[in-house]
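The data block below is input-v8.pdb; it holds PDB, C-alpha atoms.
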ATOM      1  CA  MET A 387       6.217  -2.562  24.178
ATOM      2  CA  LEU A 388       5.576  -5.347  21.652
ATOM      3  CA  ASP A 389       5.127  -7.882  24.460
ATOM      4  CA  GLU A 390       2.465  -5.649  26.004
ATOM      5  CA  VAL A 391       0.587  -5.351  22.701
ATOM      6  CA  LEU A 392       0.709  -9.126  22.201
ATOM      7  CA  VAL A 393      -0.783  -9.683  25.658
ATOM      8  CA  ASP A 394      -3.690  -7.408  24.697
ATOM      9  CA  LEU A 395      -4.176  -9.166  21.363
ATOM     10  CA  LYS A 396      -4.167 -12.617  22.956
ATOM     11  CA  LYS A 397      -6.835 -11.476  25.413
ATOM     12  CA  LEU A 398      -8.844 -10.248  22.420
ATOM     13  CA  SER A 399      -8.440 -13.558  20.587
ATOM     14  CA  ARG A 400      -9.562 -15.569  23.616
ATOM     15  CA  MET A 401     -12.826 -13.623  23.621
ATOM     16  CA  GLY A 402     -13.752 -15.749  20.613
ATOM     17  CA  PRO A 403     -15.861 -14.479  17.699
ATOM     18  CA  ILE A 404     -16.988 -10.863  18.190
ATOM     19  CA  LYS A 405     -20.078  -9.495  16.479
ATOM     20  CA  SER A 406     -19.318  -7.139  13.600
ATOM     21  CA  LEU A 407     -20.132  -3.438  13.799
ATOM     22  CA  GLY A 408     -21.314  -3.507  10.189
ATOM     23  CA  ASP A 409     -22.052  -5.714   7.215
ATOM     24  CA  GLY A 410     -18.940  -7.889   7.524
ATOM     25  CA  SER A 411     -16.747  -6.103   4.958
ATOM     26  CA  ASN A 412     -13.057  -5.318   5.521
ATOM     27  CA  ASN A 413     -14.136  -1.885   6.718
ATOM     28  CA  SER A 414     -16.343  -3.553   9.322
ATOM     29  CA  ILE A 415     -13.426  -5.684  10.506
ATOM     30  CA  GLY A 416     -11.435  -2.532  11.209
ATOM     31  CA  LYS A 417     -14.326  -0.819  12.989
ATOM     32  CA  THR A 418     -14.964  -3.861  15.175
ATOM     33  CA  PHE A 419     -11.278  -4.241  15.989
ATOM     34  CA  ARG A 420     -10.770  -0.569  16.892
ATOM     35  CA  ASN A 421     -13.905  -0.555  19.012
ATOM     36  CA  VAL A 422     -12.847  -3.556  21.124
ATOM     37  CA  LEU A 423      -9.345  -2.175  21.706
ATOM     38  CA  ASN A 424     -10.677   1.379  22.143
ATOM     39  CA  ILE A 425      -8.340   2.800  19.497
ATOM     40  CA  GLN A 426      -9.200   6.466  19.000
ATOM     41  CA  SER A 427      -6.265   7.501  16.787
ATOM     42  CA  GLN A 428      -7.080   8.123  13.117
ATOM     43  CA  ARG A 429      -3.718   6.531  12.278
ATOM     44  CA  ASN A 430      -4.630   3.442  14.334
ATOM     45  CA  GLU A 431      -1.729   4.074  16.717
ATOM     46  CA  TYR A 432      -1.595   1.686  19.641
ATOM     47  CA  LYS A 433       1.237   1.550  22.173
ATOM     48  CA  GLY A 434       3.976   2.498  19.731
ATOM     49  CA  PHE A 435       2.627   0.584  16.729
ATOM     50  CA  ARG A 436       0.206   1.209  13.882
ATOM     51  CA  ILE A 437      -2.243  -1.629  14.049
ATOM     52  CA  ASN A 438      -4.891  -2.812  11.584
ATOM     53  CA  ALA A 439      -7.171  -5.798  11.119
ATOM     54  CA  THR A 440      -8.082  -7.652   7.942
ATOM     55  CA  SER A 441      -9.744 -10.832   6.776
ATOM     56  CA  SER A 442      -7.509 -13.903   6.906
ATOM     57  CA  LYS A 443      -8.729 -14.737   3.368
ATOM     58  CA  SER A 444      -7.693 -11.401   1.893
ATOM     59  CA  ASN A 445      -5.082 -11.795  -0.875
ATOM     60  CA  SER A 446      -5.062  -8.222  -2.113
ATOM     61  CA  ARG A 447      -1.938  -6.131  -2.462
ATOM     62  CA  ASN A 448      -0.968  -3.932   0.471
ATOM     63  CA  THR A 449      -0.542  -0.218  -0.132
ATOM     64  CA  LEU A 450       2.901   0.929   0.998
ATOM     65  CA  ILE A 451       2.800   4.523  -0.223
ATOM     66  CA  PRO A 452      -0.509   6.096  -1.259
ATOM     67  CA  GLY A 453      -0.642   9.141  -3.499
ATOM     68  CA  CYS A 454       3.036  10.106  -3.760
ATOM     69  CA  VAL A 455       3.455  12.187  -6.921
ATOM     70  CA  PRO A 456       6.824  12.603  -8.690
ATOM     71  CA  ASP A 457       9.092  15.600  -8.214
ATOM     72  CA  TRP A 458       7.514  17.742 -10.914
ATOM     73  CA  GLN A 459      10.400  20.244 -11.003
ATOM     74  CA  LYS A 460      12.909  17.518 -11.900
ATOM     75  CA  SER A 461      10.556  15.547 -14.155
ATOM     76  CA  ILE A 462       9.940  15.960 -17.875
ATOM     77  CA  VAL A 463       6.200  15.705 -17.268
ATOM     78  CA  LYS A 464       5.069  18.542 -15.039
ATOM     79  CA  SER A 465       1.632  17.436 -13.852
ATOM     80  CA  PRO A 466      -0.874  14.555 -13.893
ATOM     81  CA  LYS A 467      -2.497  16.278 -16.898
ATOM     82  CA  ASP A 468       0.795  16.037 -18.802
ATOM     83  CA  ILE A 469       0.940  12.307 -18.111
ATOM     84  CA  VAL A 470      -2.630  11.543 -19.158
ATOM     85  CA  ASP A 471      -2.363  13.825 -22.222
ATOM     86  CA  GLN A 472       0.760  12.055 -23.475
ATOM     87  CA  TYR A 473       0.208   8.467 -22.351
ATOM     88  CA  GLY A 474      -3.479   8.075 -21.541
ATOM     89  CA  ILE A 475      -6.268   6.867 -23.805
ATOM     90  CA  SER A 476      -9.679   8.170 -24.818
ATOM     91  CA  ASP A 477     -12.490   6.869 -22.648
ATOM     92  CA  ILE A 478     -14.948   5.037 -24.882
ATOM     93  CA  SER A 479     -17.561   5.098 -22.111
ATOM     94  CA  GLY A 480     -17.682   8.880 -22.443
ATOM     95  CA  LYS A 481     -17.270   9.466 -18.706
ATOM     96  CA  TYR A 482     -13.837  11.047 -19.169
ATOM     97  CA  GLN A 483     -12.085  12.771 -22.030
ATOM     98  CA  LYS A 484      -8.940  10.728 -21.356
ATOM     99  CA  LYS A 485      -7.805   8.319 -18.652
ATOM    100  CA  LEU A 486      -4.766   6.410 -17.466
ATOM    101  CA  PHE A 487      -5.631   3.535 -15.129
ATOM    102  CA  CYS A 488      -2.766   1.058 -15.061
ATOM    103  CA  THR A 489      -0.141  -0.764 -13.017
ATOM    104  CA  VAL A 490       3.550  -0.103 -13.678
ATOM    105  CA  ASP A 491       6.447  -2.322 -12.603
ATOM    106  CA  SER A 492      10.176  -2.592 -13.327
ATOM    107  CA  LEU A 493      10.116  -5.891 -15.219
ATOM    108  CA  ARG A 494       8.678  -4.829 -18.568
ATOM    109  CA  PRO A 495       6.814  -1.876 -20.131
ATOM    110  CA  ASN A 496       3.056  -2.124 -19.644
ATOM    111  CA  ASN A 497       0.473  -1.662 -22.412
ATOM    112  CA  PHE A 498       1.034   2.109 -22.219
ATOM    113  CA  GLY A 499       4.811   1.760 -22.591
ATOM    114  CA  LEU A 500       5.461   2.772 -18.961
ATOM    115  CA  ILE A 501       8.098   1.103 -16.788
ATOM    116  CA  LEU A 502       9.831   1.847 -13.475
ATOM    117  CA  LYS A 503      13.618   2.120 -13.280
ATOM    118  CA  VAL A 504      15.755   1.900 -10.141
ATOM    119  CA  ASP A 505      19.256   3.327  -9.781
ATOM    120  CA  THR A 506      20.580   1.530  -6.690
ATOM    121  CA  ASN A 507      23.869   3.467  -6.749
ATOM    122  CA  LYS A 508      22.075   6.802  -6.444
ATOM    123  CA  ASN A 509      18.991   5.485  -4.578
ATOM    124  CA  LEU A 510      16.743   6.953  -7.265
ATOM    125  CA  LEU A 511      13.384   5.870  -8.660
ATOM    126  CA  SER A 512      12.215   6.976 -12.103
ATOM    127  CA  GLU A 513       9.453   6.227 -14.568
ATOM    128  CA  TYR A 514      10.233   5.765 -18.250
ATOM    129  CA  PHE A 515       8.294   5.564 -21.474
ATOM    130  CA  GLN A 516       9.727   2.784 -23.602
ATOM    131  CA  ASN A 517       8.826   1.236 -26.957
ATOM    132  CA  GLN A 518      10.729  -0.453 -29.787
ATOM    133  CA  SER A 519      12.131   2.811 -31.144
ATOM    134  CA  SER A 520      12.653   5.018 -28.083
ATOM    135  CA  LYS A 521      13.259   5.128 -24.365
ATOM    136  CA  LYS A 522      13.038   8.252 -22.235
ATOM    137  CA  GLN A 523      12.725   9.183 -18.591
ATOM    138  CA  ILE A 524       9.473  11.031 -17.934
ATOM    139  CA  ALA A 525       9.284  11.286 -14.128
ATOM    140  CA  ILE A 526      11.535  11.075 -11.097
ATOM    141  CA  TRP A 527      10.658  10.811  -7.399
ATOM    142  CA  ASP A 528      12.172  12.715  -4.504
ATOM    143  CA  SER A 529      13.969  10.019  -2.476
ATOM    144  CA  HIS A 530      13.647  11.922   0.803
ATOM    145  CA  ARG A 531       9.906  12.298   0.346
ATOM    146  CA  LEU A 532       9.480   8.612  -0.505
ATOM    147  CA  ASN A 533      11.488   7.627   2.557
ATOM    148  CA  LYS A 534       9.368   9.904   4.744
ATOM    149  CA  TYR A 535       6.244   8.066   3.562
ATOM    150  CA  LEU A 536       7.918   4.709   4.141
ATOM    151  CA  GLN A 537       8.748   5.481   7.756
ATOM    152  CA  LYS A 538       5.015   5.706   8.410
ATOM    153  CA  LYS A 539       4.906   2.016   7.457
ATOM    154  CA  ASN A 540       7.440   0.991  10.096
ATOM    155  CA  ASN A 541       6.319  -0.815  13.253
ATOM    156  CA  ILE A 542       3.118  -2.173  11.749
ATOM    157  CA  ILE A 543       0.930  -4.935  13.157
ATOM    158  CA  ILE A 544      -1.678  -6.651  10.961
ATOM    159  CA  VAL A 545      -4.217  -8.794  12.811
ATOM    160  CA  SER A 546      -6.041 -11.425  10.740
ATOM    161  CA  ALA A 547      -9.611 -12.389  11.552
ATOM    162  CA  ASN A 548     -11.676 -15.418  10.609
ATOM    163  CA  LYS A 549     -15.196 -14.435   9.592
ATOM    164  CA  LYS A 550     -18.070 -16.509  10.968
ATOM    165  CA  LEU A 551     -21.721 -16.260   9.931
ATOM    166  CA  LYS A 552     -24.322 -16.719  12.637
ATOM    167  CA  LYS A 553     -28.088 -16.298  12.656
ATOM    168  CA  ASP A 554     -27.860 -12.825  14.144
ATOM    169  CA  GLY A 555     -25.088 -11.537  11.896
ATOM    170  CA  VAL A 556     -21.383 -11.628  11.071
ATOM    171  CA  TYR A 557     -18.708 -12.315  13.685
ATOM    172  CA  PHE A 558     -14.919 -11.917  13.613
ATOM    173  CA  HIS A 559     -12.440 -14.062  15.505
ATOM    174  CA  PHE A 560      -9.032 -12.358  15.661
ATOM    175  CA  CYS A 561      -6.544 -15.233  15.487
ATOM    176  CA  PHE A 562      -3.159 -14.163  14.081
ATOM    177  CA  ALA A 563      -0.867 -11.142  14.313
ATOM    178  CA  GLU A 564       1.916 -10.236  11.905
ATOM    179  CA  VAL A 565       4.543  -7.733  13.049
ATOM    180  CA  PHE A 566       6.541  -5.719  10.487
ATOM    181  CA  MET A 567       9.585  -3.747  11.679
ATOM    182  CA  ASN A 568      12.751  -2.216  10.217
ATOM    183  CA  LEU A 569      11.743  -1.125   6.733
ATOM    184  CA  THR A 570      14.547   0.622   4.812
ATOM    185  CA  PHE A 571      14.485   2.730   1.665
ATOM    186  CA  GLU A 572      17.175   0.508   0.146
ATOM    187  CA  ASN A 573      14.935  -2.554   0.562
ATOM    188  CA  PHE A 574      12.009  -0.643  -0.946
ATOM    189  CA  LEU A 575      14.012   0.100  -4.114
ATOM    190  CA  LYS A 576      15.372  -3.440  -4.217
ATOM    191  CA  PHE A 577      11.873  -4.928  -4.174
ATOM    192  CA  ILE A 578      10.794  -2.566  -6.952
ATOM    193  CA  SER A 579      13.691  -3.864  -9.046
ATOM    194  CA  TYR A 580      12.528  -7.426  -8.293
ATOM    195  CA  GLY A 581       9.020  -6.558  -9.501
ATOM    196  CA  SER A 582       7.539  -7.317  -6.061
ATOM    197  CA  ILE A 583       6.502  -3.696  -5.562
ATOM    198  CA  ASN A 584       4.613  -1.945  -8.345
ATOM    199  CA  MET A 585       2.765   1.309  -8.802
ATOM    200  CA  ASP A 586      -0.793   2.188  -9.798
ATOM    201  CA  HIS A 587      -1.661   5.208 -11.902
ATOM    202  CA  CYS A 588      -5.252   6.404 -11.577
ATOM    203  CA  ILE A 589      -5.549   9.615 -13.609
ATOM    204  CA  SER A 590      -8.652  10.963 -15.305
ATOM    205  CA  LEU A 591      -9.398  14.083 -17.327
ATOM    206  CA  LYS A 592     -12.986  15.268 -17.512
ATOM    207  CA  HIS A 593     -14.414  16.841 -20.639
ATOM    208  CA  GLY A 594     -13.556  20.532 -20.835
ATOM    209  CA  SER A 595     -11.256  20.413 -17.811
ATOM    210  CA  ASN A 596      -7.780  21.945 -17.708
ATOM    211  CA  SER A 597      -6.630  19.799 -14.800
ATOM    212  CA  ALA A 598      -6.576  16.047 -14.286
ATOM    213  CA  LYS A 599      -7.707  14.148 -11.215
ATOM    214  CA  GLU A 600      -4.938  11.990  -9.739
ATOM    215  CA  GLN A 601      -5.666   9.289  -7.150
ATOM    216  CA  GLY A 602      -2.112   8.020  -7.061
ATOM    217  CA  PRO A 603       0.547   7.108  -7.846
ATOM    218  CA  SER A 604       0.235   4.421  -5.188
ATOM    219  CA  PHE A 605       3.012   1.918  -4.527
ATOM    220  CA  LYS A 606       1.736  -1.555  -3.632
ATOM    221  CA  ILE A 607       3.201  -4.902  -2.632
ATOM    222  CA  SER A 608       1.816  -8.428  -2.523
ATOM    223  CA  LYS A 609       1.118  -9.918   0.901
ATOM    224  CA  GLU A 610       3.679 -12.667   0.276
ATOM    225  CA  ALA A 611       6.488 -10.247  -0.611
ATOM    226  CA  CYS A 612       5.654  -7.985   2.327
ATOM    227  CA  THR A 613       6.901 -10.596   4.792
ATOM    228  CA  HIS A 614      10.372 -10.373   3.202
ATOM    229  CA  LEU A 615      10.490  -6.604   2.717
ATOM    230  CA  TYR A 616      10.954  -5.898   6.419
ATOM    231  CA  SER A 617      14.203  -6.880   8.141
ATOM    232  CA  ASP A 618      12.242  -7.938  11.217
ATOM    233  CA  TYR A 619       9.060  -9.899  10.497
ATOM    234  CA  ARG A 620       7.236 -12.091  13.013
ATOM    235  CA  LYS A 621       3.955 -13.978  13.004
ATOM    236  CA  TYR A 622       2.053 -15.001  16.137
ATOM    237  CA  ASP A 623      -0.797 -17.407  16.731
ATOM    238  CA  LEU A 624      -2.859 -15.442  19.231
ATOM    239  CA  MET A 625      -4.487 -18.588  20.571
ATOM    240  CA  ASP A 626      -1.139 -19.953  21.765
ATOM    241  CA  LYS A 627      -0.686 -19.819  25.511
TER     242      LYS A 627
END
As structure tokens, the full file:
Amino acid sequence: MLDEVLVDLKKLSRMGPIKSLGDGSNNSIGKTFRNVLNIQSQRNEYKGFRINATSSKSNSRNTLIPGCVPDWQKSIVKSPKDIVDQYGISDISGKYQKKLFCTVDSLRPNNFGLILKVDTNKNLLSEYFQNQSSKKQIAIWDSHRLNKYLQKKNNIIIVSANKKLKKDGVYFHFCFAEVFMNLTFENFLKFISYGSINMDHCISLKHGSNSAKEQGPSFKISKEACTHLYSDYRKYDLMDK
């Protein structure tokens, strides 16, 4: 099936620069790409793969798992409100009563004292609060749920496009394809322990509210590390014959 997808992508690349269906942002790249390949699936499914397009100059982190909350029943904190109440800060802008916008990794506690911990023997991921005088586990994730999210990131193809500016608008030339296959939960935990995968908290508490808004936690990885996370990674120049 991969060979068939590559044939389609090479045909697309040989079409040369294609006019954008928007203002030239990353969102426009995706719209243009899906339109040309006639991808109707909301999950961007295409012949057995999930396929996306991005700018070849993009250096942002890739989201592996969006919005996967801890197992509240097994955690000391029982809700996003608990987390922001105990570890968040007052919002000097006045927009929120309290907020917790930060990145957490396993290498060192961040400015809020939060750090990720991996138990490779038990395949467990936890979050700790740690300072000079204390260290305590505050949250733990359900490994089965994390793995279920990860499997949605298997068999991924990322197509990179060069953006060209012409008099009549923005054009995209789809030139490279990266194929990511065989992602395991063990590798996911290993890369967290390396510090290559980290997690973003995005929690806010409005004035007078009894519940916090949580837009995470989201687990992210750098583009460079992503090529090593998967057991089977391949890159193709779509202009090659």
Contact residues around Arg400 (chain A) with all atoms listed in the file at 12 Å, ignoring same-chain residues under 5 positions, as a ChimeraX atom specification: /A:393-395,558-562,623-627
What is the distance between CA of Thr613 (chain A) and CA of Glu513 (chain A), in Å to one decimal?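 Separating CA of Thr613 (chain A) from CA of Glu513 (chain A) is a distance of 25.8 Å.
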Return the single residue from A:Ala611, A:Val504, A:Val391, A:Leu398 that is closest to Ser492 (chain A), with distances computed using all atoms listed in the file.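 Counting all atoms listed in the file, the residue closest to Ser492 (chain A) is A:Val504.
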If you measure from CA of Tyr514 (chain A) to CA of Lys538 (chain A), what distance in Å do you get, rounded to one decimal?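 These atoms are spaced 27.2 Å apart.
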Identify which of the residues A:Leu511, A:Ile404, A:Ile542, A:Leu486 lies closest to Asp468 (chain A), counting all atoms listed in the file when measuring atom-to-atom distances.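 The shortest atom-to-atom distance to Asp468 (chain A) comes from A:Leu486.
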